[in-house]
There are 2 protein chains.
Amino acid sequence: MTIDQQEYKHVGTSAPRLEGREKVTGQARFTNDIPVPGKLLYARLVTSPYAHARIKAIDTGAALAWPGVVRVITAQDLPILPDEKASRLRNPLAREEVLFAGQPVVVVLGQSEAAATDGAALVEVTYEPLPVASTTGAALAPGAPLVRNPQELGGGGGHGAAVQSGPRNLPPNVSNRTSLKQGDIARGFEEAEVIVEDVFHLPMVYQGYLEPMACTVVPEVSGHLTVYASTQTMFDTRREVAQALGLKVSQVKVVLPFIGGGFGAKAVLLEPLCAALAVMTGSPVHLSFSRMEDLAAGNPMPDCTIELKLGAKNDGVLTALKASVIFNTGAYPGSPLEWVVPHLSKVYPVPNFEVEGIEVVTHRVGGGSYRAPGLPQVTFAFESLMDQLARQVNVDPLTLRRRNILPDNRSGNAVLDQVENSSLWKNRLNSRESSHEGWGLAFSGSANAIGPASANCRLNEDGTFSVITGLADISGSSTGLAMIAAEVLSTKLDNITLTTGDSDSVPYTGATGGSRATFTLGAAVQRAARDALDQILVIAADFLEANPADLELRDGVVRVKGATVKSVSLEQISALTGGYDGQYEPVLGRGKTANTHSVVGCYTHLAHVRVDPETGEVAILDYLAVHDAGFAINPAEVEGQIHGGATQGLGWGLYEQMVYDKEGALVSGSLMDYALQTAPMVPSFQSVIVGIPGGQGPMGAKGVGEPPIVPPAAAIANAIFDAVGVRVTELPATPERVFHLIKESKTGL
Amino acid sequence: MTIDQQEYKHVGTSAPRLEGREKVTGQARFTNDIPVPGKLLYARLVTSPYAHARIKAIDTGAALAWPGVVRVITAQDLPILPDEKASRLRNPLAREEVLFAGQPVVVVLGQSEAAATDGAALVEVTYEPLPVASTTGAALAPGAPLVRNPQELGGGGGHGAAVQSGPRNLPPNVSNRTSLKQGDIARGFEEAEVIVEDVFHLPMVYQGYLEPMACTVVPEVSGHLTVYASTQTMFDTRREVAQALGLKVSQVKVVLPFIGGGFGAKAVLLEPLCAALAVMTGSPVHLSFSRMEDLAAGNPMPDCTIELKLGAKNDGVLTALKASVIFNTGAYPGSPLEWVVPHLSKVYPVPNFEVEGIEVVTHRVGGGSYRAPGLPQVTFAFESLMDQLARQVNVDPLTLRRRNILPDNRSGNAVLDQVENSSLWKNRLNSRESSHEGWGLAFSGSANAIGPASANCRLNEDGTFSVITGLADISGSSTGLAMIAAEVLSTKLDNITLTTGDSDSVPYTGATGGSRATFTLGAAVQRAARDALDQILVIAADFLEANPADLELRDGVVRVKGATVKSVSLEQISALTGGYDGQYEPVLGRGKTANTHSVVGCYTHLAHVRVDPETGEVAILDYLAVHDAGFAINPAEVEGQIHGGATQGLGWGLYEQMVYDKEGALVSGSLMDYALQTAPMVPSFQSVIVGIPGGQGPMGAKGVGEPPIVPPAAAIANAIFDAVGVRVTELPATPERVFHLIKESKTGL
């Protein structure tokens with residue numbers, strides 16, 4: 001359902017995904033399907049079973065003797081330049097010390113995948129196990145082993161920190177510490193008439209994309225490298241590979257095949273290693289993770305502990321907020337710490353707050369990004385406590401949110417209006433079929449990422465247009481971009497081709513992440529199309545001896561407005577701008593943007609569950625998701641994002657966790673063990689798209705890629721409380737955990 | 001040697017070719033080397049031994065039964081749309097009637113090249129031979145067989161005719177007729193005190209590129225096609241393939257691998273057929289000519305007969321010119337008729353002229369373009385007669401040219417100056433070692449082609465730049481384009497990457513032809529680089545709080561002119577325009593041009609030969625080529641063009657001819673029979689580059705790709721006359737031909 005959309009011809013009306021057919025027929029070519037020239041070598045990794053160990057010896061003899069094994073490579077062999085932070089990218093193989101279970105130690109290159117796999121099994125690595133600190137508790141305990149050399153921990157990770165970090169004088173195994181304050185926190189709590197507080201814990205989770213990390217690197221004769229990568233970021237991949245190998249960025253060409261999902265995880269990881277192998281051998285090399293490697297050594301979201309305390313007046317209006325967030329970032333900084341700290345202070349305008357964040361390094365893999373990094377965590381905590389607060393001040397949870405958001409928060413009020421008007425909300429009190437049903441609501445709002453973007457829009461000989469960008473399309477954004485161009489150029493969507501070229505050719509396009517693809521690149525495409533249109537009108541004006549301002553382009557023909565006689569078709573204009581006798585410059589629209597201000601879209605989810613007190617099992621009966629998309633360029637796609645994100649959020653809430661044993665080894669190391677949902681486990685979503693346009697995005701669009709994952713865990717936890725009166729503070733809310741909570745509770749169900 | 005170059009840092013100084021290493025190490029990937037996804041099918045052609053025949057039956061049974069043969073395809077099977085002109089592109093296989101010997105009739109698709117070749121040998125085609133007209137004489141004779149249906153002969157070929165053609169009421173087998181007049185031709189000859197006239201004949205010649213015609217087409221799941229082609233024209237190939245198959249142009253992506261020469265021949269030929277085969281089978285298909293197929297069924301230059309008559313005063317100044325040019329264009333219009341007619345009237349400003357041109361269709365392959373199409377032919381005729389005239393009016397041949405060009409022809413006078421000052425010219429009269437040595441001079445001037453072009457210039461993260469075009473680089477133009485960008489951006493050539501992207505991604509780039517790559521695209525690159533520079537200065541000005549006009553970019557750093565303190569590097573500017581927090585729009589320079597006026601560059605060649613009267617063999621002792629390049633962006637490359645073009649021109653003059661028998665079958669059908677020169681047959685050239693800047697090209701550059709092929713045949717013929725007193729009017733001047741001329745002459749050598 002779409003509400004509040006303006007009148008447009010193309011944008012605002014659902015269109016099927018341009019690349020849908022290739023994907024659903026299984027014929028789309030992903031990185032592993034790309035043919036390469038010459039003899040492709042296959043790389044297989046030998047990984048550490050230990051979370052912390054010294055490498056005593058590596059015996060490669062048996063592997064090297066195996067038929068089809070071309071080379072066995074250890075860290076010492078790699079022509080990768082070191083960096084100050086001893087980052088994962090520059091240290092893709094453990095050198096002397098293993099820092100997490102699953103860490104690659106040796107790579108075997110084979111003429112076939114089988115030969116490489118056999119060879120990898122024959123490599124003998126002798127380890128001396130060392131004390132392990134794989135939890136924040138263990139890492140912060142006195143006498144804990146030092147996970148990383150403090151000098152290597154520059155702090156802050158690679159997230160383009162917006163918040164000033166604290167002084168760098170950090171305790172052992174702390175890689176970042178940051179805080180934010182406002183008002184007088186003590187007075188805020190003094191003024192409070194109600195105080196709620198709790199400690200929340202969320203486990204490490206895996207992004208569960210369909211295609212594990214993969215890349216292929218082809219060394220070119222010129223010394224250039226062509227990198228085929230399953231990545232969300234063409235230009236960052238190019239830069240990282242080039243810098244790791246001491247090349248110019250223009251010596252590296254990144255090509256993006258179809259990408260089988262990313263969800264924030266797929267920045268740069270395997271590419272520098274794969275590129276180094278290609279340089280070393282002079283052969284094309286393919287390196288991809290198996291699913292188990294991807295789970296153990298990918299880029300999962302760190303686990304997180306949040307202590308939260310809220311003070312409020314008797315009407316529920318917040319007076320004080322105190323929070324402490326700890327991320328277990330694994331062996332490498334990169335947790336979303338710097339984002340969650342300000343976020344906590346912004347959802348509701350609390351006059352007095354004090355938020356602290358700590359990033360701890362441990363003997364685990366880490367620390368990656370996952371759709372709205374950090375926001376599902378803090379929202380789970382915050383919205384659980386808000387639910388608790390609503391009960392204590394005896395207002396309904398929706399009214400509590402209303403009272404705490406600013407009256408001029410149009411976005412927040414609009415999504416709350418939609419929930420309030422929904423039959424699910426209205427019927428919640430009189431439709432309770434059994435005593436173990438419950439309704440849970442969670443609210444939040446978030447801003448999409450920003451940044452520069454650029455695009456070209458070219459007129460083709462047959463009057464069609466090509467829109468050219470370097471977009472890594474992980475969610476169907478291409479279709480929306482094409483719709484924007486079709487709208488500006490008053491032409492059918494069929495007449496727009498959206499091309500993701502390679503990094504040698506395309507206008508600069510930033511990473512697909514932070515819900516910004518449409519917001520930033522869409523704006524660039526809009527400008528590029530507008531620029532193309534302007535060029536067309538100027539040419540047509542000269543050709544028709546008219547004033548550009550008097551002309552309009554409609555259905556492939558430029559006409560004098562109101563007149564029917566004088567016209568020139570786009571085919572004609574193309575002919576006038578090409579060949580050997582074209583008299584006009586080619587139509588090459590260019591769009592460049594630097595969206596410098598992010599824009600907030602609010603959202604509210606309402607879950608209706610039934611809890612089986614005998615088993616602790618939670619069944620989702622109804623699920624409503626209301627999102628402010630600013631303006632839904634392609635409503636079907638926005639709905640798709642809501643379904644996908646909410647599904648993942650429910651996975652966080654009910655099923656998913658990466659379980660490690662005491663020695664730091666991953667127990668849930670395969671998809672037999674890691675509980676990704678299957679289709680029957682996903683409810684039928686009701687989604688409502690609200691459009692409160694704003695900001696620098698195209699047609700007022702806001703980012704919708706990340707938000708849908710944010711509220712589900714909180715909504716579910718609140719619904720569980722509503723159903724059975726127990727407060728889930730640790731995710732996922734597995735039947736076992738809910739069962740025990742019920743058992744321990746005094747509610748006597 | 002370079003003369004008259006301005007002071008620049010990069011352009012004007014020889015630089016090695018960017019792609020040189022790949023080519024000389026044999027590692028450059030040409031169309032045949034491109035890996036494709038899926039199972040590649042190989043196409044082999046069954047061609048007609050007859051020049052004219054009716055196809056009675058085609059028996060494909062044995063071929064189809066052969067192991068590895070996938071499909072046997074005839075004209076009826078092809079999903080290619082017809083066109084009014086029944087063009088070669090739309091009729092790649094003969095349907096009912098064969099029109100030239102070597103014409104493809106059947107195509108066999110095999111799982112391997114061997115299977116396809118074996119299968120092709122098993123196809124049995126039954127022909128009924130029909131009367132052949134393979135010469136202009138035979139085709140114009142009363143009762144000649146009608147080669148083509150007159151309705152199909154729209155006339156004018158595909159050359160973008162600049163001249164108005166005559167009325168379309170054409171005699172049988174005439175596909176085009178055009179004429180140009182000025183003044184009063186009768187009075188011109190009345191005023192003449194000397195008249196010279198002769199008939200000249202030049203045979204059909206083959207362009208002799210290293211790589212025969214080749215293409216590979218990959219059908220994409222989306223219904224799109226990816227075409228890898230050895231072509232000089234990315235966008236025309238895209239359009240022709242799309243139109244032939246009824247696709248949108250944006251459904252066809254053309255990728256240009258390295259191109260092994262073109263010399264005008266490689267426009268579009270095999271691509272629609274190969275694309276049709278890929279569509280029919282759903283598999284990637286590779287189709288390339290063998291060398292013999294390329295000779296018999298490629299795109300050779302038609303043969304040509306020129307009747308020329310000149311009238312002049314006793315001082316040698318021309319008063320009248322009458323010419324008739326006949327091209328034997330083979331079965332398909334496409335001769336350079338429309339270019340040579342005006343050219344004949346323009347080299348010298350003759351007050352009274354009458355030029356007529358006729359294009360005749362015959363049972364031969366044809367008619368293609370070859371480096372300066374038509375100009376070697378008419379220049380051979382014109383400059384031979386000018387030589388004759390010089391002798392009759394008793395002035396030296398250089399002075400005769402001076403007297404006939406306009407005094408304000410700076411280009412012409414400059415090249416004549418250089419010849420006049422050369423030791424070869426000065427010593428010619430007193431260095432005659434034997435009585436059979438001679439010197440021959442030929443002069444001409446020609447204008448390069450024009451047309452729109454566009455390019456992008458992008459700043460990369462490390463301060464390097466990428467220049468992006470769709471250039472088909474057949475002669476090293478890339479290097480010159482990169483030098484232009486380096487000059488504008490004050491950076492090392494190493495910091496410029498020149499990318500030929502695919503047709504989906506690149507700014508519109510016209511065909512490489514007509515000596516216009518540097519002239520048109522170079523101007524676009526210059527603008528794109530300038531635009532990038534302007535964007536950089538604006539960003540730097542904002543960042544440095546300065547005025548853009550006060551800033552300069554030098555060695556990768558923007559500084560306030562004269563100051564040393566305030567500066568920002570290109571790396572910094574790139575960082576400010578990218579990532580998640582860049583505050584400025586990306587630097588994406590765009591250059592668009594529509595060079596509407598061509599510019600003339602003149603040239604003079606001086607040959608010194610020795611003729612052996614016993615054998616008729618001509619040895620080239622010295623060879624001087626002086627060319628006005630306007631401004632030589634990359635002098636080494638200009639010199640390379642002079643060497644290559646002059647070598648080909650000498651091939652026309654002394655060695656090359658496609659010989660057909662009376663039945664219209666090619667006798668010189670392999671490189672054993674067709675006399676392409678080998679290295680020892682090529683003289684050591686003295687080349688002088690003159691720079692008379694002018695026109696819309698970058699830095700005043702003029703096209704130099706075509707001119708060097710134009711004068712050699714005339715210079716050689718004139719030198720032969722000087723040596724042994726016989727006038728060669730039919731090319732090539734083989735020993736046999738020269739021997740007989742000497743024998744028949746009255747000079748009594």
# chains A, B, ... in the order shown; residues from 1 in each chain; ligands from 1
$ residues_around --residues "range 712-725 of chain A" --least-positions-apart "6" --cutoff "8 Å" --atoms "only C-alpha atoms" --output "PyMOL selection string"
chain A and resi 376+379-381+383-384+387+435-442+605-611+613+618+646+649-650+652-654+733+742+747+749
$ closest_atom_pairs --of "chain B" --to "chain A" --cutoff "6 Å" --atoms "only C-alpha atoms" --output "Markdown table"
| residue | atom | partner | partner_atom | distance |
| --- | --- | --- | --- | --- |
| B:Glu22 | CA | A:Val221 | CA | 5.9 |
| B:Pro35 | CA | A:Pro37 | CA | 5.3 |
| B:Val36 | CA | A:Pro35 | CA | 5.8 |
| B:Pro37 | CA | A:Pro35 | CA | 5.3 |
| B:Val221 | CA | A:Glu22 | CA | 6.0 |
| B:Ile450 | CA | A:Tyr580 | CA | 5.7 |
| B:Gly451 | CA | A:Tyr580 | CA | 4.5 |
| B:Pro452 | CA | A:Gly578 | CA | 5.4 |
| B:Ile468 | CA | A:Ser505 | CA | 5.8 |
| B:Gly501 | CA | A:Ser505 | CA | 5.7 |
| B:Ser505 | CA | A:Gly501 | CA | 5.7 |
| B:Gly510 | CA | A:Gly579 | CA | 5.9 |
| B:Thr577 | CA | A:Pro452 | CA | 5.9 |
| B:Gly578 | CA | A:Pro452 | CA | 5.4 |
| B:Gly579 | CA | A:Gly510 | CA | 5.9 |
| B:Tyr580 | CA | A:Gly451 | CA | 4.5 |
| B:Asp581 | CA | A:Gly451 | CA | 5.3 |
| B:Gly582 | CA | A:Gly451 | CA | 5.5 |
| B:Gln583 | CA | A:Ala594 | CA | 5.9 |
| B:Tyr584 | CA | A:Ala594 | CA | 5.3 |
| B:Glu585 | CA | A:Ala594 | CA | 4.7 |
| B:Lys592 | CA | A:Glu585 | CA | 5.6 |
| B:Thr593 | CA | A:Glu585 | CA | 5.0 |
| B:Ala594 | CA | A:Glu585 | CA | 4.7 |
$ write_last_selection --atoms "C-alpha atoms" --output "mmCIF file, in the first residue's frame"
data_model
loop_
_atom_site.group_PDB
_atom_site.id
_atom_site.type_symbol
_atom_site.label_atom_id
_atom_site.label_comp_id
_atom_site.auth_asym_id
_atom_site.auth_seq_id
_atom_site.Cartn_x
_atom_site.Cartn_y
_atom_site.Cartn_z
ATOM 1 C CA GLU B 22 51.118 -6.055 -24.944
ATOM 2 C CA PRO B 35 37.043 -16.069 -23.254
ATOM 3 C CA VAL B 36 33.282 -16.348 -23.180
ATOM 4 C CA PRO B 37 30.853 -17.972 -20.782
ATOM 5 C CA VAL B 221 19.847 -14.138 -20.717
ATOM 6 C CA ILE B 450 34.867 15.439 -38.986
ATOM 7 C CA GLY B 451 31.963 14.634 -36.710
ATOM 8 C CA PRO B 452 30.854 14.684 -33.091
ATOM 9 C CA ILE B 468 37.171 7.331 -21.023
ATOM 10 C CA GLY B 501 35.135 0.987 -22.423
ATOM 11 C CA SER B 505 29.343 2.650 -20.772
ATOM 12 C CA GLY B 510 32.449 7.873 -33.693
ATOM 13 C CA THR B 577 34.727 14.119 -3.437
ATOM 14 C CA GLY B 578 34.168 10.504 -2.475
ATOM 15 C CA GLY B 579 33.452 8.051 0.300
ATOM 16 C CA TYR B 580 30.709 8.571 2.859
ATOM 17 C CA ASP B 581 31.717 12.025 3.954
ATOM 18 C CA GLY B 582 32.939 13.803 0.829
ATOM 19 C CA GLN B 583 31.568 17.329 0.759
ATOM 20 C CA TYR B 584 32.097 18.037 -2.932
ATOM 21 C CA GLU B 585 30.772 16.500 -6.116
ATOM 22 C CA LYS B 592 31.815 17.132 -26.145
ATOM 23 C CA THR B 593 32.666 18.398 -29.589
ATOM 24 C CA ALA B 594 31.113 18.562 -33.000
#
$ residues_around --residues "Val682 in chain A" --least-positions-apart "2" --cutoff "9 Å" --atoms "only C-alpha atoms" --output "list in words"
Ile620, Thr647, Leu650, Gln677, Thr678, Ala679, Pro680, Ser684 and Phe685 of chain A
$ write_last_selection --atoms "C-alpha atoms" --output "short mmCIF file (atom, residue, chain, number, x, y, z; two decimals), in the first residue's frame"
data_model
loop_
_atom_site.label_atom_id
_atom_site.label_comp_id
_atom_site.auth_asym_id
_atom_site.auth_seq_id
_atom_site.Cartn_x
_atom_site.Cartn_y
_atom_site.Cartn_z
CA ILE A 620 3.96 -14.72 14.68
CA THR A 647 12.58 -11.14 7.97
CA LEU A 650 12.84 -11.51 13.06
CA GLN A 677 14.92 -18.85 8.55
CA THR A 678 13.32 -20.82 5.78
CA ALA A 679 10.28 -19.53 3.94
CA PRO A 680 7.62 -21.19 6.16
CA SER A 684 2.95 -12.69 5.91
CA PHE A 685 3.84 -9.03 6.29
#
$ atom_distance --atom1 "CA of Thr237 in chain B" --atom2 "CA of Asn149 in chain B"
26.4 Å
$ select_by_dssp --residues "range 523-586 of chain A" --states "alpha helix (DSSP H)" --output "list of chain:residue names"
A:Ala523, A:Ala524, A:Val525, A:Gln526, A:Arg527, A:Ala528, A:Ala529, A:Arg530, A:Asp531, A:Ala532, A:Leu533, A:Asp534, A:Gln535, A:Ile536, A:Leu537, A:Val538, A:Ile539, A:Ala540, A:Ala541, A:Asp542, A:Phe543, A:Leu544, A:Leu570, A:Glu571, A:Gln572, A:Ile573, A:Ser574, A:Ala575, A:Leu576
$ write_last_selection --atoms "C-alpha atoms" --output "mmCIF file, in the first residue's frame"
data_model
loop_
_atom_site.group_PDB
_atom_site.id
_atom_site.type_symbol
_atom_site.label_atom_id
_atom_site.label_comp_id
_atom_site.auth_asym_id
_atom_site.auth_seq_id
_atom_site.Cartn_x
_atom_site.Cartn_y
_atom_site.Cartn_z
ATOM 1 C CA ALA A 523 19.914 12.242 -7.211
ATOM 2 C CA ALA A 524 22.900 12.033 -9.550
ATOM 3 C CA VAL A 525 20.867 10.067 -12.098
ATOM 4 C CA GLN A 526 18.078 12.611 -11.870
ATOM 5 C CA ARG A 527 20.540 15.391 -12.640
ATOM 6 C CA ALA A 528 22.195 13.431 -15.425
ATOM 7 C CA ALA A 529 18.829 12.809 -17.063
ATOM 8 C CA ARG A 530 17.858 16.438 -16.616
ATOM 9 C CA ASP A 531 21.163 17.497 -18.154
ATOM 10 C CA ALA A 532 20.569 15.185 -21.117
ATOM 11 C CA LEU A 533 17.098 16.637 -21.511
ATOM 12 C CA ASP A 534 18.467 20.177 -21.469
ATOM 13 C CA GLN A 535 21.006 19.303 -24.142
ATOM 14 C CA ILE A 536 18.280 17.727 -26.243
ATOM 15 C CA LEU A 537 16.088 20.791 -25.944
ATOM 16 C CA VAL A 538 18.928 23.112 -26.936
ATOM 17 C CA ILE A 539 19.702 21.042 -30.026
ATOM 18 C CA ALA A 540 16.037 20.733 -30.902
ATOM 19 C CA ALA A 541 15.580 24.465 -30.457
ATOM 20 C CA ASP A 542 18.383 25.193 -32.869
ATOM 21 C CA PHE A 543 17.114 22.624 -35.315
ATOM 22 C CA LEU A 544 13.493 23.771 -35.099
ATOM 23 C CA LEU A 570 15.105 11.633 -30.450
ATOM 24 C CA GLU A 571 16.311 9.364 -33.257
ATOM 25 C CA GLN A 572 16.792 12.436 -35.410
ATOM 26 C CA ILE A 573 18.583 14.281 -32.653
ATOM 27 C CA SER A 574 20.862 11.320 -32.174
ATOM 28 C CA ALA A 575 21.612 11.289 -35.884
ATOM 29 C CA LEU A 576 22.382 15.004 -35.719
#
$ residues_around --residues "Ala53 in chain A" --least-positions-apart "5" --cutoff "12 Å" --atoms "only C-alpha atoms" --output "list in words"
Ser48, Ala94, Arg95, Glu96, Glu97, Val98, Leu99, Phe100, Ala101, Gly102, Gln103, Val105, Val125, Thr126, Tyr127, Glu128, Pro129, Leu130, Pro131, Val132, Ala133, Pro145, Val147, His363, Glu663 and Gly664 of chain A
$ residues_around --residues "range 399-415 of chain A" --least-positions-apart "2" --cutoff "10 Å" --atoms "only C-alpha atoms" --output "ChimeraX atom specification"
/A:312,315-319,346-350,383,386-387,389-391,393-397,417-421,441-445,600-605,625-630,688-694
$ atom_distance --atom1 "CA of Leu553 in chain B" --atom2 "CA of Lys492 in chain B"
12.5 Å
$ residues_around --residues "Pro351 in chain B" --least-positions-apart "4" --cutoff "10 Å" --atoms "only C-alpha atoms" --output "PyMOL selection string"
chain B and resi 181-185+188+318-321+345
$ select_by_dssp --residues "range 146-381 of chain B" --states "strand (DSSP E)" --output "number ranges by chain"
B: 174-182, 194-202, 214-219, 225-229, 252-255, 285-288, 303-312, 318-328, 352-360
$ residues_around --residues "Gln232 in chain A" --least-positions-apart "5" --cutoff "9 Å" --atoms "only C-alpha atoms" --output "list in words"
Thr237, Leu256, Ile259, Gly261, Gly262, Phe263, Gly264, Ala265, Lys266, Ala267, Val268, Leu471, Ala472, Asp473, Ile474, Ala511, Thr512 and Gly513 of chain A
$ write_last_selection --atoms "N, CA and C atoms" --output "short mmCIF file (atom, residue, chain, number, x, y, z; two decimals), in the first residue's frame"
data_model
loop_
_atom_site.label_atom_id
_atom_site.label_comp_id
_atom_site.auth_asym_id
_atom_site.auth_seq_id
_atom_site.Cartn_x
_atom_site.Cartn_y
_atom_site.Cartn_z
N THR A 237 37.08 -1.23 -3.37
CA THR A 237 37.79 -2.46 -3.69
C THR A 237 39.00 -2.14 -4.56
N LEU A 256 31.96 -5.70 -11.48
CA LEU A 256 30.96 -6.28 -10.58
C LEU A 256 30.02 -7.18 -11.38
N ILE A 259 25.60 -9.74 -7.88
CA ILE A 259 26.04 -9.90 -6.49
C ILE A 259 24.95 -10.62 -5.73
N GLY A 261 23.79 -10.80 -2.79
CA GLY A 261 23.52 -10.26 -1.45
C GLY A 261 24.79 -9.78 -0.77
N GLY A 262 24.60 -8.84 0.12
CA GLY A 262 25.74 -8.30 0.85
C GLY A 262 25.35 -7.90 2.26
N PHE A 263 24.31 -7.11 2.37
CA PHE A 263 23.76 -6.68 3.65
C PHE A 263 24.81 -6.00 4.53
N GLY A 264 25.79 -5.38 3.88
CA GLY A 264 26.81 -4.64 4.64
C GLY A 264 28.10 -5.40 4.80
N ALA A 265 28.05 -6.71 4.61
CA ALA A 265 29.24 -7.54 4.86
C ALA A 265 30.28 -7.43 3.76
N LYS A 266 29.80 -7.17 2.55
CA LYS A 266 30.71 -7.28 1.42
C LYS A 266 31.35 -5.96 1.03
N ALA A 267 32.32 -5.60 1.81
CA ALA A 267 33.13 -4.45 1.43
C ALA A 267 34.34 -5.04 0.70
N VAL A 268 35.48 -5.04 1.32
CA VAL A 268 36.68 -5.63 0.73
C VAL A 268 37.19 -6.66 1.73
N LEU A 471 27.15 1.43 -9.85
CA LEU A 471 26.32 0.89 -8.77
C LEU A 471 26.55 -0.59 -8.53
N ALA A 472 26.81 -0.94 -7.30
CA ALA A 472 26.74 -2.34 -6.88
C ALA A 472 25.29 -2.56 -6.45
N ASP A 473 24.56 -3.27 -7.28
CA ASP A 473 23.13 -3.41 -7.00
C ASP A 473 22.89 -4.66 -6.17
N ILE A 474 22.65 -4.45 -4.88
CA ILE A 474 22.42 -5.61 -4.03
C ILE A 474 20.94 -5.78 -3.70
N ALA A 511 30.13 3.34 -2.43
CA ALA A 511 29.67 2.03 -1.98
C ALA A 511 28.15 2.02 -1.82
N THR A 512 27.56 0.87 -2.10
CA THR A 512 26.16 0.67 -1.78
C THR A 512 26.09 0.29 -0.31
N GLY A 513 25.61 1.19 0.50
CA GLY A 513 25.57 0.93 1.94
C GLY A 513 24.91 2.11 2.63
#
$ closest_residue --among "B:Leu180, B:Val659, B:Ala372, B:Val217" --to "Ser324 in chain B" --atoms "only C-alpha atoms"
B:Leu180
$ atom_distance --atom1 "CA of Val340 in chain B" --atom2 "CA of Ala323 in chain B"
10.5 Å
